[in-house]
Amino acid sequence: MTTLIGCGGHGSDIKAIWYRWNKATLRVFDDDPNKGLPAPPDDLDDDIILGSNYPAIRRQMARRFRHLRGARPLTDPAAVIGPEVHLEHGCVIAPNVSILRSCVLGLHTHMNYGASMTRSCLGAFCTVSPGAVICGDVIIGNDTLIGAGAVVCDRVRIGSNVTVAAGAIIPPESYVPDGAKVIGVFKA
């Protein structure tokens with residue numbers, strides 16, 4: 001059985017992706033009593049999908065349920081997944097995502113609708129927001145958020161725990177250090 005933990009806005013999107021292609025039941029839990037769902041029991045034994053859009057919160061959720069394995073990657077049928085693409089457990093790929101070729105997405109990494117990338121490697125617990133473009137030969141560390149409509153040009157290295165704001169541009173051959181916040185056009 002597969003369980004979704006966290007059903008706010010992003011979790012609801014994940015639920016919609018699940019039911020577009022899968023007829024199996026998805027169990028849903030949330031710690032927020034305002035959601036009207038039961039809290040996740042500590043003795044879960046399902047494969048899990050983590051419903052938060054925020055890398056740090058997704059990592060916290062994974063620590064709490066470290067005894068569980070991430071579900072097999074959840075890929076919307078409208079996504080384009082090319083050759084030589086490896087998706088770790090817990091990955092979520094939304095509609096109209098294009099992952100052309102030679103890409104690796106780490107554990108519990110999410111790519112939201114309309115995002116695209118090729119020849120790149122993303123670490124664990126990353127979020128690529130809607131419409132973001134990651135050009136070729138890019139390496140992104142763990143727990144990094146790429147904002148909506150951001151453009152990460154070719155041959156870029158981005159560290160861990162980085163936030164790239166919506167609409168930001170990271171020019172070719174840039175290095176963004178761990179913990180940085182990028183707003184506008186990145187200048188090293």
# chains A, B, ... in the order shown; residues from 1 in each chain; ligands from 1
>>> residues_around(residues="Ser102 of chain A", least_positions_apart="3", cutoff="9 Å", atoms="only C-alpha atoms", output="NGL selection string")
:A and (82-86 or 99 or 118-121)
>>> write_last_selection(atoms="N, CA and C atoms", output="PDB file, in the first residue's frame")
ATOM      1  N   GLY A  82      12.811  10.953 -20.831  1.00  0.00           N
ATOM      2  CA  GLY A  82      13.669  10.410 -21.871  1.00  0.00           C
ATOM      3  C   GLY A  82      14.559   9.287 -21.376  1.00  0.00           C
ATOM      4  N   PRO A  83      15.525   8.898 -22.228  1.00  0.00           N
ATOM      5  CA  PRO A  83      16.423   7.799 -21.877  1.00  0.00           C
ATOM      6  C   PRO A  83      17.451   8.221 -20.830  1.00  0.00           C
ATOM      7  N   GLU A  84      17.972   7.226 -20.146  1.00  0.00           N
ATOM      8  CA  GLU A  84      19.031   7.429 -19.160  1.00  0.00           C
ATOM      9  C   GLU A  84      18.605   8.379 -18.041  1.00  0.00           C
ATOM     10  N   VAL A  85      17.355   8.266 -17.614  1.00  0.00           N
ATOM     11  CA  VAL A  85      16.836   9.071 -16.509  1.00  0.00           C
ATOM     12  C   VAL A  85      16.612   8.143 -15.332  1.00  0.00           C
ATOM     13  N   HIS A  86      17.163   8.512 -14.175  1.00  0.00           N
ATOM     14  CA  HIS A  86      17.002   7.712 -12.969  1.00  0.00           C
ATOM     15  C   HIS A  86      16.276   8.537 -11.916  1.00  0.00           C
ATOM     16  N   ILE A  99      11.870  15.752 -18.860  1.00  0.00           N
ATOM     17  CA  ILE A  99      13.211  15.353 -18.430  1.00  0.00           C
ATOM     18  C   ILE A  99      13.780  14.620 -19.638  1.00  0.00           C
ATOM     19  N   THR A 118      17.567  18.741 -18.710  1.00  0.00           N
ATOM     20  CA  THR A 118      18.292  17.717 -19.459  1.00  0.00           C
ATOM     21  C   THR A 118      19.709  17.617 -18.897  1.00  0.00           C
ATOM     22  N   ARG A 119      20.324  16.449 -19.021  1.00  0.00           N
ATOM     23  CA  ARG A 119      21.702  16.188 -18.622  1.00  0.00           C
ATOM     24  C   ARG A 119      22.067  16.857 -17.302  1.00  0.00           C
ATOM     25  N   SER A 120      21.329  16.542 -16.247  1.00  0.00           N
ATOM     26  CA  SER A 120      21.554  17.190 -14.958  1.00  0.00           C
ATOM     27  C   SER A 120      21.339  16.216 -13.818  1.00  0.00           C
ATOM     28  N   CYS A 121      21.815  16.599 -12.644  1.00  0.00           N
ATOM     29  CA  CYS A 121      21.706  15.765 -11.459  1.00  0.00           C
ATOM     30  C   CYS A 121      21.205  16.620 -10.303  1.00  0.00           C
TER      31      CYS A 121
END
>>> select_by_dssp(residues="chain A", states="strand (DSSP E or B)", output="VMD selection string")
chain A and resid 2 to 5 26 to 29 47 to 50 70 74 to 75 80 to 81 85 to 87 92 to 93 98 to 99 103 to 105 110 to 111 116 to 117 120 to 122 127 to 128 133 to 134 138 to 140 145 to 146 151 to 152 157 to 158 163 to 164 169 to 170 175 to 176 181 to 182 185
>>> closest_residue(among="A:Ile134, A:Ile183, A:Val97, A:Val28", to="Ala166 of chain A", atoms="only C-alpha atoms")
A:Ile183
>>> residues_around(residues="Tyr175 of chain A", least_positions_apart="2", cutoff="8 Å", atoms="only C-alpha atoms", output="list in words")
Val156, Arg157, Ile158, Gly159, Glu173, Pro177 and Ala188 of chain A
>>> closest_residue(among="A:Ile81, A:Met117, A:Ala56, A:Cys7", to="Asn142 of chain A", atoms="only C-alpha atoms")
A:Ala56
>>> residues_around(residues="Val164 of chain A", least_positions_apart="5", cutoff="12 Å", atoms="only C-alpha atoms", output="NGL selection string")
:A and (126-129 or 132-134 or 140 or 143-152 or 158-159 or 169-170 or 176-186)
>>> select_by_dssp(residues="chain A", states="helix (DSSP H, G or I)", output="list in words")
Gly9, His10, Gly11, Ser12, Asp13, Ile14, Lys15, Ala16, Ile17, Trp18, Tyr19, Arg20, Trp21, Pro33, Asn34, Lys35, Pro55, Ala56, Ile57, Arg58, Arg59, Gln60, Met61, Ala62, Arg63 and Arg64 of chain A
>>> write_last_selection(atoms="N, CA and C atoms", output="PDB file, in the first residue's frame")
ATOM      1  N   GLY A   9      -1.823  22.090  -0.178  1.00  0.00           N
ATOM      2  CA  GLY A   9      -1.956  22.345  -1.610  1.00  0.00           C
ATOM      3  C   GLY A   9      -1.122  21.400  -2.456  1.00  0.00           C
ATOM      4  N   HIS A  10       0.154  21.240  -2.118  1.00  0.00           N
ATOM      5  CA  HIS A  10       1.042  20.382  -2.904  1.00  0.00           C
ATOM      6  C   HIS A  10       0.618  18.922  -2.783  1.00  0.00           C
ATOM      7  N   GLY A  11       0.257  18.513  -1.577  1.00  0.00           N
ATOM      8  CA  GLY A  11      -0.209  17.143  -1.377  1.00  0.00           C
ATOM      9  C   GLY A  11      -1.464  16.842  -2.178  1.00  0.00           C
ATOM     10  N   SER A  12      -2.355  17.834  -2.275  1.00  0.00           N
ATOM     11  CA  SER A  12      -3.568  17.652  -3.089  1.00  0.00           C
ATOM     12  C   SER A  12      -3.217  17.492  -4.561  1.00  0.00           C
ATOM     13  N   ASP A  13      -2.196  18.229  -5.020  1.00  0.00           N
ATOM     14  CA  ASP A  13      -1.726  18.050  -6.400  1.00  0.00           C
ATOM     15  C   ASP A  13      -1.193  16.632  -6.609  1.00  0.00           C
ATOM     16  N   ILE A  14      -0.445  16.140  -5.629  1.00  0.00           N
ATOM     17  CA  ILE A  14       0.101  14.783  -5.726  1.00  0.00           C
ATOM     18  C   ILE A  14      -1.032  13.762  -5.782  1.00  0.00           C
ATOM     19  N   LYS A  15      -2.065  13.968  -4.975  1.00  0.00           N
ATOM     20  CA  LYS A  15      -3.232  13.084  -5.005  1.00  0.00           C
ATOM     21  C   LYS A  15      -3.855  13.059  -6.402  1.00  0.00           C
ATOM     22  N   ALA A  16      -3.953  14.224  -7.025  1.00  0.00           N
ATOM     23  CA  ALA A  16      -4.522  14.302  -8.377  1.00  0.00           C
ATOM     24  C   ALA A  16      -3.658  13.534  -9.375  1.00  0.00           C
ATOM     25  N   ILE A  17      -2.342  13.663  -9.255  1.00  0.00           N
ATOM     26  CA  ILE A  17      -1.437  12.910 -10.136  1.00  0.00           C
ATOM     27  C   ILE A  17      -1.639  11.409  -9.919  1.00  0.00           C
ATOM     28  N   TRP A  18      -1.694  10.995  -8.670  1.00  0.00           N
ATOM     29  CA  TRP A  18      -1.878   9.572  -8.344  1.00  0.00           C
ATOM     30  C   TRP A  18      -3.097   9.002  -9.052  1.00  0.00           C
ATOM     31  N   TYR A  19      -4.224   9.666  -8.920  1.00  0.00           N
ATOM     32  CA  TYR A  19      -5.473   9.118  -9.446  1.00  0.00           C
ATOM     33  C   TYR A  19      -5.623   9.291 -10.962  1.00  0.00           C
ATOM     34  N   ARG A  20      -4.746  10.058 -11.609  1.00  0.00           N
ATOM     35  CA  ARG A  20      -4.777  10.143 -13.084  1.00  0.00           C
ATOM     36  C   ARG A  20      -4.321   8.831 -13.718  1.00  0.00           C
ATOM     37  N   TRP A  21      -3.465   8.096 -13.050  1.00  0.00           N
ATOM     38  CA  TRP A  21      -2.912   6.901 -13.678  1.00  0.00           C
ATOM     39  C   TRP A  21      -3.062   5.647 -12.839  1.00  0.00           C
ATOM     40  N   PRO A  33      -4.790  19.218  12.034  1.00  0.00           N
ATOM     41  CA  PRO A  33      -6.173  18.800  12.276  1.00  0.00           C
ATOM     42  C   PRO A  33      -7.191  19.580  11.443  1.00  0.00           C
ATOM     43  N   ASN A  34      -6.812  20.751  10.926  1.00  0.00           N
ATOM     44  CA  ASN A  34      -7.717  21.540  10.091  1.00  0.00           C
ATOM     45  C   ASN A  34      -7.961  20.909   8.721  1.00  0.00           C
ATOM     46  N   LYS A  35      -7.147  19.941   8.324  1.00  0.00           N
ATOM     47  CA  LYS A  35      -7.314  19.279   7.028  1.00  0.00           C
ATOM     48  C   LYS A  35      -8.407  18.219   7.060  1.00  0.00           C
ATOM     49  N   PRO A  55      11.547  21.645   0.689  1.00  0.00           N
ATOM     50  CA  PRO A  55      12.556  20.617   0.917  1.00  0.00           C
ATOM     51  C   PRO A  55      12.833  20.326   2.395  1.00  0.00           C
ATOM     52  N   ALA A  56      12.980  21.346   3.224  1.00  0.00           N
ATOM     53  CA  ALA A  56      13.314  21.116   4.633  1.00  0.00           C
ATOM     54  C   ALA A  56      12.194  20.365   5.360  1.00  0.00           C
ATOM     55  N   ILE A  57      10.950  20.702   5.060  1.00  0.00           N
ATOM     56  CA  ILE A  57       9.827  20.011   5.699  1.00  0.00           C
ATOM     57  C   ILE A  57       9.747  18.570   5.208  1.00  0.00           C
ATOM     58  N   ARG A  58       9.987  18.363   3.899  1.00  0.00           N
ATOM     59  CA  ARG A  58       9.976  16.999   3.358  1.00  0.00           C
ATOM     60  C   ARG A  58      11.065  16.165   4.034  1.00  0.00           C
ATOM     61  N   ARG A  59      12.242  16.745   4.267  1.00  0.00           N
ATOM     62  CA  ARG A  59      13.319  16.010   4.944  1.00  0.00           C
ATOM     63  C   ARG A  59      12.913  15.683   6.383  1.00  0.00           C
ATOM     64  N   GLN A  60      12.295  16.632   7.093  1.00  0.00           N
ATOM     65  CA  GLN A  60      11.829  16.368   8.461  1.00  0.00           C
ATOM     66  C   GLN A  60      10.834  15.209   8.478  1.00  0.00           C
ATOM     67  N   MET A  61       9.925  15.212   7.518  1.00  0.00           N
ATOM     68  CA  MET A  61       8.940  14.130   7.435  1.00  0.00           C
ATOM     69  C   MET A  61       9.648  12.793   7.208  1.00  0.00           C
ATOM     70  N   ALA A  62      10.645  12.785   6.363  1.00  0.00           N
ATOM     71  CA  ALA A  62      11.385  11.555   6.078  1.00  0.00           C
ATOM     72  C   ALA A  62      12.124  11.060   7.318  1.00  0.00           C
ATOM     73  N   ARG A  63      12.654  11.984   8.113  1.00  0.00           N
ATOM     74  CA  ARG A  63      13.336  11.578   9.355  1.00  0.00           C
ATOM     75  C   ARG A  63      12.351  10.928  10.323  1.00  0.00           C
ATOM     76  N   ARG A  64      11.161  11.514  10.417  1.00  0.00           N
ATOM     77  CA  ARG A  64      10.151  10.964  11.320  1.00  0.00           C
ATOM     78  C   ARG A  64       9.781   9.539  10.917  1.00  0.00           C
TER      79      ARG A  64
END
>>> closest_residue(among="A:Lys23, A:Arg155, A:Arg101, A:His108", to="Asp47 of chain A", atoms="only C-alpha atoms")
A:His108
>>> residues_around(residues="Ala124 of chain A", least_positions_apart="3", cutoff="6 Å", atoms="only C-alpha atoms", output="ChimeraX atom specification")
/A:106-107,109,142
>>> write_last_selection(atoms="C-alpha atoms", output="PDB file, in the first residue's frame")
ATOM      1  CA  GLY A 106      17.512  12.125  -5.747  1.00  0.00           C
ATOM      2  CA  LEU A 107      15.324  10.668  -3.026  1.00  0.00           C
ATOM      3  CA  THR A 109      12.735  15.166  -5.156  1.00  0.00           C
ATOM      4  CA  ASN A 142      20.361  18.399  -1.570  1.00  0.00           C
TER       5      ASN A 142
END
>>> residues_around(residues="Leu87 of chain A", least_positions_apart="6", cutoff="7 Å", atoms="only C-alpha atoms", output="MDAnalysis selection string")
chainID A and resid 73 104:106
>>> closest_residue(among="A:Cys153, A:Ile49, A:Ala39, A:Ile139", to="Leu26 of chain A", atoms="only C-alpha atoms")
A:Ile49
>>> atom_distance(atom1="atom CA of Gly90 of chain A", atom2="atom CA of His110 of chain A")
8.3 Å
>>> residues_around(residues="Leu50 of chain A", least_positions_apart="2", cutoff="6 Å", atoms="only C-alpha atoms", output="PDB file with N, CA and C atoms, in the first residue's frame")
ATOM      1  N   LEU A   4       0.286   8.794   1.273  1.00  0.00           N
ATOM      2  CA  LEU A   4       0.687  10.185   1.126  1.00  0.00           C
ATOM      3  C   LEU A   4       0.628  10.814   2.508  1.00  0.00           C
ATOM      4  N   ILE A   5       1.723  11.417   2.928  1.00  0.00           N
ATOM      5  CA  ILE A   5       1.766  12.096   4.219  1.00  0.00           C
ATOM      6  C   ILE A   5       1.874  13.586   3.948  1.00  0.00           C
ATOM      7  N   SER A  52       4.795  17.640   1.144  1.00  0.00           N
ATOM      8  CA  SER A  52       5.177  19.052   1.266  1.00  0.00           C
ATOM      9  C   SER A  52       5.982  19.509   0.055  1.00  0.00           C
TER      10      SER A  52
END
>>> atom_distance(atom1="atom CA of Gly36 of chain A", atom2="atom CA of Gly51 of chain A")
15.5 Å
>>> atom_distance(atom1="atom CA of Gly70 of chain A", atom2="atom CA of Asp43 of chain A")
15.2 Å
>>> closest_residue(among="A:Asp32, A:Asp42, A:Asp154, A:Glu88", to="Leu68 of chain A", atoms="only C-alpha atoms")
A:Asp42
>>> decode(residues="segment 51-64 of chain A", atoms="C-alpha atoms", output="PDB file, in the first residue's frame")
ATOM      1  CA  GLY A  51       3.316  15.866   0.346  1.00  0.00           C
ATOM      2  CA  SER A  52       5.177  19.052   1.266  1.00  0.00           C
ATOM      3  CA  ASN A  53       6.543  21.345  -1.441  1.00  0.00           C
ATOM      4  CA  TYR A  54       9.306  22.592   0.891  1.00  0.00           C
ATOM      5  CA  PRO A  55      12.556  20.617   0.917  1.00  0.00           C
ATOM      6  CA  ALA A  56      13.314  21.116   4.633  1.00  0.00           C
ATOM      7  CA  ILE A  57       9.827  20.011   5.699  1.00  0.00           C
ATOM      8  CA  ARG A  58       9.976  16.999   3.358  1.00  0.00           C
ATOM      9  CA  ARG A  59      13.319  16.010   4.944  1.00  0.00           C
ATOM     10  CA  GLN A  60      11.829  16.368   8.461  1.00  0.00           C
ATOM     11  CA  MET A  61       8.940  14.130   7.435  1.00  0.00           C
ATOM     12  CA  ALA A  62      11.385  11.555   6.078  1.00  0.00           C
ATOM     13  CA  ARG A  63      13.336  11.578   9.355  1.00  0.00           C
ATOM     14  CA  ARG A  64      10.151  10.964  11.320  1.00  0.00           C
TER      15      ARG A  64
END
